[in-house]
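Undergrad: Provided below: run_27.csv, containing CSV, C-alpha atoms.
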```csv
chain,number,residue,atom,x,y,z
V,1,MET,CA,0.0,0.0,0.0
V,2,ASN,CA,1.2,3.5,-0.9
V,3,ILE,CA,0.5,6.1,1.8
V,4,LEU,CA,0.7,9.9,1.9
V,5,VAL,CA,0.8,11.7,5.3
V,6,LEU,CA,-0.1,15.4,5.1
V,7,GLY,CA,1.5,17.7,7.7
V,8,GLY,CA,4.8,18.5,9.3
V,9,GLY,CA,4.3,18.3,13.1
V,10,GLY,CA,5.1,15.8,15.8
V,11,ARG,CA,1.8,14.1,15.4
V,12,GLU,CA,2.5,13.4,11.8
V,13,HIS,CA,5.9,12.0,12.8
V,14,ALA,CA,4.3,9.6,15.2
V,15,ILE,CA,1.7,8.6,12.5
V,16,ALA,CA,4.4,8.0,9.9
V,17,TRP,CA,6.5,6.0,12.4
V,18,ALA,CA,3.6,3.7,13.1
V,19,LEU,CA,2.7,3.3,9.5
V,20,ALA,CA,6.2,2.5,8.5
V,21,LYS,CA,6.2,-0.5,10.8
V,22,SER,CA,3.2,-2.0,9.1
V,23,PRO,CA,4.0,-4.9,6.7
V,24,ARG,CA,1.2,-3.6,4.4
V,25,THR,CA,3.1,-0.3,3.8
V,26,ASP,CA,5.0,-0.4,0.5
V,27,ASN,CA,5.8,3.3,0.0
V,28,LEU,CA,5.3,6.1,2.6
V,29,TYR,CA,5.4,9.8,1.9
V,30,ALA,CA,5.1,12.8,4.1
V,31,ALA,CA,4.3,16.3,2.8
V,32,PRO,CA,5.9,18.5,3.7
V,33,GLY,CA,7.3,16.3,6.5
V,34,ASN,CA,10.0,17.1,9.0
V,35,GLY,CA,13.3,15.8,10.2
V,36,GLY,CA,11.6,13.1,12.1
V,37,THR,CA,9.5,11.8,9.3
V,38,ASP,CA,12.6,11.9,7.0
V,39,SER,CA,13.9,8.8,8.9
V,40,VAL,CA,10.8,6.7,8.2
V,41,ALA,CA,9.3,8.2,5.0
V,42,GLN,CA,10.1,10.1,1.9
V,43,ASN,CA,9.6,13.8,2.6
V,44,VAL,CA,7.9,15.7,-0.2
V,45,ALA,CA,8.9,19.2,0.8
V,46,GLY,CA,7.8,20.8,-2.4
V,47,LEU,CA,4.2,19.6,-2.1
V,48,ASN,CA,1.8,22.2,-0.7
V,49,ALA,CA,-0.7,20.3,1.5
V,50,GLU,CA,-3.2,23.1,1.0
V,51,ASP,CA,-3.1,22.9,-2.8
V,52,GLY,CA,-5.8,20.3,-3.6
V,53,GLN,CA,-4.9,20.1,-7.3
V,54,ALA,CA,-1.2,19.5,-6.5
V,55,VAL,CA,-2.1,16.8,-3.9
V,56,LEU,CA,-4.4,15.1,-6.4
V,57,GLU,CA,-1.7,15.0,-9.1
V,58,PHE,CA,0.7,13.5,-6.6
V,59,VAL,CA,-1.8,10.9,-5.5
V,60,LYS,CA,-2.5,9.9,-9.1
V,61,GLY,CA,1.2,10.0,-10.1
V,62,ASN,CA,2.3,7.8,-7.2
V,63,ALA,CA,-0.7,5.5,-7.0
V,64,ILE,CA,-1.5,6.5,-3.4
V,65,ASP,CA,-4.0,4.2,-1.7
V,66,LEU,CA,-4.5,6.1,1.6
V,67,VAL,CA,-4.1,9.8,2.5
V,68,VAL,CA,-3.7,10.7,6.2
V,69,ILE,CA,-4.4,14.3,7.1
V,70,GLY,CA,-2.8,15.8,10.2
V,71,PRO,CA,-4.7,17.9,12.9
V,72,GLU,CA,-4.6,21.1,10.9
V,73,ALA,CA,-6.7,19.4,8.2
V,74,PRO,CA,-5.1,21.4,5.4
V,75,LEU,CA,-7.6,20.3,2.8
V,76,VAL,CA,-10.8,20.8,4.8
V,77,ALA,CA,-11.8,24.5,5.2
V,78,GLY,CA,-14.5,25.7,7.6
V,79,VAL,CA,-18.1,25.9,6.7
V,80,ALA,CA,-18.0,29.7,6.2
V,81,ASP,CA,-15.0,29.4,3.8
V,82,VAL,CA,-16.6,26.6,1.8
V,83,LEU,CA,-19.9,28.4,1.4
V,84,ARG,CA,-18.6,31.9,0.7
V,85,ASP,CA,-18.9,31.8,-3.1
V,86,ALA,CA,-21.0,28.7,-3.5
V,87,ARG,CA,-24.4,28.5,-5.0
V,88,LEU,CA,-25.0,24.7,-5.2
V,89,VAL,CA,-23.9,22.4,-2.4
V,90,ALA,CA,-24.6,18.9,-1.3
V,91,VAL,CA,-25.1,17.9,2.4
V,92,LEU,CA,-24.5,14.2,3.3
V,93,GLU,CA,-26.4,13.1,6.4
V,94,ASP,CA,-25.0,9.9,8.0
V,95,ILE,CA,-24.1,8.1,4.8
V,96,THR,CA,-22.4,5.0,6.1
V,97,ASN,CA,-21.1,3.5,2.9
V,98,HIS,CA,-17.7,4.5,1.5
V,99,THR,CA,-18.7,3.5,-2.0
V,100,ASN,CA,-21.7,5.9,-2.0
V,101,VAL,CA,-19.6,8.7,-0.5
V,102,GLY,CA,-17.0,8.3,-3.2
V,103,ALA,CA,-19.6,8.1,-6.0
V,104,ILE,CA,-21.3,11.2,-4.8
V,105,PHE,CA,-18.1,13.1,-4.8
V,106,ARG,CA,-17.3,12.0,-8.4
V,107,SER,CA,-20.8,13.1,-9.6
V,108,ALA,CA,-20.4,16.4,-7.7
V,109,ALA,CA,-17.1,17.1,-9.4
V,110,ALA,CA,-18.4,16.2,-12.9
V,111,LEU,CA,-21.5,18.3,-12.6
V,112,GLY,CA,-20.0,21.4,-11.0
V,113,VAL,CA,-21.2,21.2,-7.5
V,114,ASP,CA,-19.4,23.9,-5.4
V,115,ALA,CA,-18.9,22.0,-2.2
V,116,ILE,CA,-20.0,19.1,0.0
V,117,LEU,CA,-20.8,19.2,3.7
V,118,ALA,CA,-20.8,16.0,5.7
V,119,SER,CA,-22.6,15.4,9.0
V,120,PRO,CA,-20.5,14.2,11.9
V,121,ALA,CA,-21.7,10.6,11.5
V,122,CYS,CA,-21.1,10.5,7.7
V,123,TYR,CA,-18.3,8.2,6.7
V,124,ASP,CA,-14.9,9.8,5.9
V,125,PRO,CA,-14.5,10.9,2.3
V,126,LEU,CA,-10.7,10.4,2.7
V,127,TYR,CA,-11.0,6.7,3.5
V,128,ARG,CA,-9.2,4.7,0.7
V,129,ARG,CA,-12.3,3.1,-0.7
V,130,ALA,CA,-14.1,6.5,-1.0
V,131,VAL,CA,-11.0,8.0,-2.6
V,132,ARG,CA,-10.8,5.2,-5.2
V,133,VAL,CA,-14.4,5.3,-6.1
V,134,SER,CA,-14.3,9.1,-6.4
V,135,MET,CA,-11.4,8.7,-8.8
V,136,GLY,CA,-9.5,11.2,-6.7
V,137,THR,CA,-12.2,13.9,-6.9
V,138,VAL,CA,-12.4,14.1,-3.0
V,139,PHE,CA,-9.3,16.3,-3.5
V,140,GLN,CA,-11.0,18.5,-6.0
V,141,VAL,CA,-14.4,19.3,-4.4
V,142,PRO,CA,-14.2,21.5,-1.3
V,143,TRP,CA,-15.7,19.8,1.7
V,144,THR,CA,-16.0,20.0,5.4
V,145,ARG,CA,-18.0,18.7,8.3
V,146,ILE,CA,-21.2,20.4,9.4
V,147,GLY,CA,-22.8,20.1,12.8
V,148,ASP,CA,-21.3,20.0,16.3
V,149,ALA,CA,-19.1,16.9,16.5
V,150,ASP,CA,-19.0,17.2,20.3
V,151,VAL,CA,-22.8,16.6,20.5
V,152,PRO,CA,-23.9,13.0,20.3
V,153,ASN,CA,-24.8,12.4,16.6
V,154,ARG,CA,-26.2,8.9,16.4
V,155,PRO,CA,-27.0,8.0,12.8
V,156,GLY,CA,-30.6,8.8,11.9
V,157,CYS,CA,-31.3,11.2,14.7
V,158,GLY,CA,-30.6,14.4,12.8
V,159,THR,CA,-29.0,16.1,15.7
V,160,TRP,CA,-26.5,17.9,13.5
V,161,SER,CA,-29.2,19.7,11.6
V,162,ASN,CA,-30.5,21.7,14.6
V,163,GLU,CA,-27.6,24.1,14.1
V,164,GLY,CA,-26.4,22.9,10.7
V,165,ILE,CA,-29.4,24.0,8.7
V,166,ALA,CA,-29.6,27.3,10.6
V,167,GLU,CA,-26.0,27.9,9.5
V,168,LEU,CA,-26.9,27.2,5.9
V,169,HIS,CA,-29.9,29.6,6.1
V,170,GLU,CA,-27.5,32.3,7.6
V,171,HIS,CA,-25.4,31.9,4.4
V,172,GLY,CA,-28.5,32.4,2.2
V,173,PHE,CA,-29.2,28.8,1.2
V,174,THR,CA,-32.5,27.3,0.5
V,175,CYS,CA,-32.4,23.8,1.9
V,176,ALA,CA,-34.0,21.0,0.0
V,177,ALA,CA,-34.4,17.5,1.4
V,178,MET,CA,-34.2,14.7,-1.2
V,179,ALA,CA,-37.0,12.5,0.2
V,180,LEU,CA,-40.4,11.1,-0.5
V,181,SER,CA,-43.3,12.8,1.1
V,182,GLU,CA,-46.8,14.1,0.3
V,183,GLU,CA,-45.4,17.6,0.2
V,184,SER,CA,-42.6,16.8,-2.2
V,185,VAL,CA,-42.0,18.9,-5.3
V,186,THR,CA,-40.2,17.9,-8.4
V,187,PRO,CA,-36.8,19.5,-9.4
V,188,ASP,CA,-38.5,21.4,-12.2
V,189,GLU,CA,-41.1,22.9,-9.7
V,190,LEU,CA,-38.3,23.9,-7.3
V,191,ASN,CA,-36.3,25.4,-10.1
V,192,ALA,CA,-39.3,27.5,-11.1
V,193,ARG,CA,-39.8,28.8,-7.5
V,194,LEU,CA,-36.1,29.7,-7.1
V,195,THR,CA,-36.2,31.6,-10.4
V,196,GLU,CA,-39.2,33.5,-9.4
V,197,ARG,CA,-37.7,34.4,-6.0
V,198,GLU,CA,-34.5,35.5,-7.7
V,199,ALA,CA,-36.3,37.7,-10.1
V,200,ALA,CA,-38.4,39.2,-7.3
V,201,GLY,CA,-35.7,39.8,-4.8
V,202,GLY,CA,-32.6,40.3,-7.0
V,203,ALA,CA,-30.4,38.0,-4.9
V,204,LEU,CA,-28.8,35.0,-6.6
V,205,ALA,CA,-30.5,31.7,-5.7
V,206,LYS,CA,-28.4,29.4,-3.5
V,207,LEU,CA,-29.4,25.8,-2.9
V,208,ALA,CA,-28.3,23.1,-0.5
V,209,LEU,CA,-29.4,19.5,-1.5
V,210,LEU,CA,-29.6,17.1,1.5
V,211,PHE,CA,-29.1,13.4,1.0
V,212,GLY,CA,-29.6,10.6,3.6
V,213,THR,CA,-28.1,7.2,4.0
V,214,GLU,CA,-29.2,4.2,2.0
V,215,GLY,CA,-32.4,2.6,3.2
V,216,GLU,CA,-33.5,5.0,6.0
V,217,GLY,CA,-32.9,8.2,4.1
V,218,LEU,CA,-32.9,11.6,5.8
V,219,SER,CA,-34.1,11.7,9.4
V,220,PRO,CA,-37.6,13.2,10.1
V,221,ALA,CA,-36.0,16.0,12.1
V,222,THR,CA,-33.8,17.1,9.3
V,223,ILE,CA,-36.6,16.9,6.7
V,224,ALA,CA,-38.8,19.1,9.0
V,225,ARG,CA,-36.1,21.8,9.2
V,226,CYS,CA,-35.7,22.0,5.4
V,227,ASP,CA,-37.5,24.5,3.2
V,228,TYR,CA,-38.6,22.0,0.6
V,229,THR,CA,-38.8,18.2,0.1
V,230,VAL,CA,-37.8,17.2,-3.4
V,231,ARG,CA,-38.6,13.9,-5.2
V,232,ILE,CA,-37.3,12.6,-8.6
V,233,PRO,CA,-40.2,11.5,-10.8
V,234,MET,CA,-39.9,7.8,-11.7
V,235,ALA,CA,-41.7,5.3,-13.9
V,236,HIS,CA,-42.5,1.6,-13.8
V,237,GLY,CA,-43.4,1.6,-10.1
V,238,VAL,CA,-39.9,2.4,-9.0
V,239,ASP,CA,-40.1,4.3,-5.7
V,240,SER,CA,-36.5,5.2,-5.1
V,241,LEU,CA,-33.0,5.3,-6.4
V,242,ASN,CA,-29.6,4.5,-4.7
V,243,VAL,CA,-28.4,7.7,-3.0
V,244,ALA,CA,-25.4,7.9,-5.4
V,245,ALA,CA,-27.6,7.7,-8.4
V,246,SER,CA,-30.2,10.2,-7.0
V,247,SER,CA,-27.4,12.7,-6.3
V,248,ALA,CA,-26.2,12.6,-9.9
V,249,VAL,CA,-29.8,13.2,-11.1
V,250,ALA,CA,-30.3,16.0,-8.7
V,251,PHE,CA,-27.0,17.7,-9.4
V,252,TYR,CA,-27.8,17.7,-13.1
V,253,ALA,CA,-31.4,18.9,-12.5
V,254,PHE,CA,-30.1,22.0,-10.7
V,255,ARG,CA,-27.1,22.6,-13.0
V,256,GLN,CA,-28.1,26.2,-13.7
V,257,LEU,CA,-26.8,26.9,-10.2
V,258,SER,CA,-23.6,24.9,-10.6
V,259,GLN,CA,-20.4,25.7,-12.2
V,260,LEU,CA,-21.8,24.2,-15.4
V,261,GLY,CA,-24.4,26.9,-15.6
V,262,ARG,CA,-22.2,29.9,-15.0
```
Could you spell out this file's structure in structure tokens?

TA:
Amino acid sequence: MNILVLGGGGREHAIAWALAKSPRTDNLYAAPGNGGTDSVAQNVAGLNAEDGQAVLEFVKGNAIDLVVIGPEAPLVAGVADVLRDARLVAVLEDITNHTNVGAIFRSAAALGVDAILASPACYDPLYRRAVRVSMGTVFQVPWTRIGDADVPNRPGCGTWSNEGIAELHEHGFTCAAMALSEESVTPDELNARLTEREAAGGALAKLALLFGTEGEGLSPATIARCDYTVRIPMAHGVDSLNVAASSAVAFYAFRQLSQLGR
């Protein structure tokens, strides 16, 4: 296994030292690293850990299987930073499948989504399975956690959304829960409402699409806090899609807000 450790502090030295002792480690890199990591890994002093594109190119060029980010989390900005210029974002609530997480990131990158926000209980996008399925796009799409990680966030309870959705509203986002309910609207209907509101108020429309885990979907508490519930029209009696598939459909349906539509 080829591993990249991002960071240059004492903690990264300890992590690199432990990884170097594993028989599963083939090549170990540290960026930028330090004098301690130099004894157990290959320091990559010229790689800027905050440059997502540079990290992606290094990951692809060196067939990296696992990226370990230090405590400063150089690739994960705060919510305010991620949302500052965004108009279309995805929020992943408690998605507990690395394949789905990686697939959503790949669709988000391809369809111009500005950022992804993950609840505290959502699986780590930087886990090697998610990185592989995403084709490395977890290093292209800005993302961060949303919700208070210090508050118990059991999957399915929606605790994060108590403050998380309020924060999205503060940044001007309309929140749309992707879920089935009697009050659901179609993407076309929501697009029309956003266009009308934009024309009437003059402010650019900003949309946060919320996706829940496979099976259970979004928690009732989270759906209740959203402004709209959105469903994708389907034929042949099919009542739902896999969350990765539904995210791709939704991203394309709202592409006028994404980087594709600007």

Undergrad: From the list V:Ala31, V:Ala200, V:Ala90, V:Ile104, which residue is nearest Ala248 (chain V) when using only C-alpha atoms?

TA: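 Going through V:Ala31, V:Ala200, V:Ala90, V:Ile104 one by one, the smallest distance to Ala248 (chain V) is for V:Ile104.
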
Undergrad: Counting only C-alpha atoms, write as number ranges by chain all protein and nucleic acid residues lying at most 12 Å from (-18.1, 26.9, 2.7) in the file's frame.

TA: V: 76-91, 114-118, 141-146, 167-168, 170-173, 208

Undergrad: Between V:Leu207, V:Ala20, V:Ala244, V:Cys122, which residue has the minimum interatomic distance to Ile3 (chain V), considering all atoms listed in the file?

TA: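 The closest residue to Ile3 (chain V) is V:Ala20.
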
Undergrad: Of the candidates V:Leu111, V:Val138, V:Arg132, V:Ser219, which one gets nearest to Ser258 (chain V) if we count all atoms listed in the file?

TA: V:Leu111

Undergrad: May I ask which of the residues V:Asn162, V:Asn43, V:Asn100, V:Asn2 is the closest one to Val67 (chain V), counting only C-alpha atoms?

TA: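 Looking only at the distances to Val67 (chain V), the closest residue turns out to be V:Asn2.
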
Undergrad: Nearest to Val44 (chain V) among V:Pro23, V:Pro233, V:Gly212, V:Gly7, with distances taken over all atoms listed in the file: which residue is it?

TA: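 Nearest to Val44 (chain V): V:Gly7.
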
Undergrad: Take CA of Pro120 (chain V) and CA of Leu92 (chain V) and report the distance between them in Å, one decimal.

TA: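 The value is 9.5 Å.
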
Undergrad: Using only C-alpha atoms, which residue out of V:Pro125, V:Ala54, V:Gly9, V:Leu66 lies closest to Asp26 (chain V)?

TA: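 The shortest atom-to-atom distance to Asp26 (chain V) comes from V:Leu66.
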
Undergrad: One decimal, Å: what's the distance from CA of His169 (chain V) over to CA of Ser240 (chain V), could you say?

TA: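 Taking CA of His169 (chain V) and CA of Ser240 (chain V), their separation equals 27.6 Å.
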
Undergrad: So how many Å separate CA of Gly61 (chain V) and CA of Arg24 (chain V), to one decimal?

TA: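 One can read the CA of Gly61 (chain V) to CA of Arg24 (chain V) distance as 19.9 Å.
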
Undergrad: Any idea what's packed within 10 Å of Ser107 (chain V), counting all atoms listed in the file, ignoring anything in its chain fewer than 2 positions away? Could you give it as a list in words?

TA: Gly102, Ala103, Ile104, Phe105, Ala109, Ala110, Leu111, Gly112, Val113, Ser134, Thr137, Ala244, Ala245, Ser247, Ala248, Val249, Ala250, Phe251 and Tyr252 of chain V

Undergrad: Counting only C-alpha atoms, I want the residues whose atoms come within 6 Å of (5.5, 8.3, 1.4) in the file frame, returned as a CSV table (one decimal) with C-alpha atoms, in the coordinates of the input.

TA:
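Saved file selection-v6.csv follows:
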```csv
chain,number,residue,atom,x,y,z
V,3,ILE,CA,0.5,6.1,1.8
V,4,LEU,CA,0.7,9.9,1.9
V,27,ASN,CA,5.8,3.3,0.0
V,28,LEU,CA,5.3,6.1,2.6
V,29,TYR,CA,5.4,9.8,1.9
V,30,ALA,CA,5.1,12.8,4.1
V,41,ALA,CA,9.3,8.2,5.0
V,42,GLN,CA,10.1,10.1,1.9
```

Undergrad: Find the residues around Thr99 (chain V) up to 8 Å (only C-alpha atoms counted), leave out those fewer than 4 positions away in its own chain, and share them as a VMD selection string.

TA: chain V and resid 103 129 to 130 133
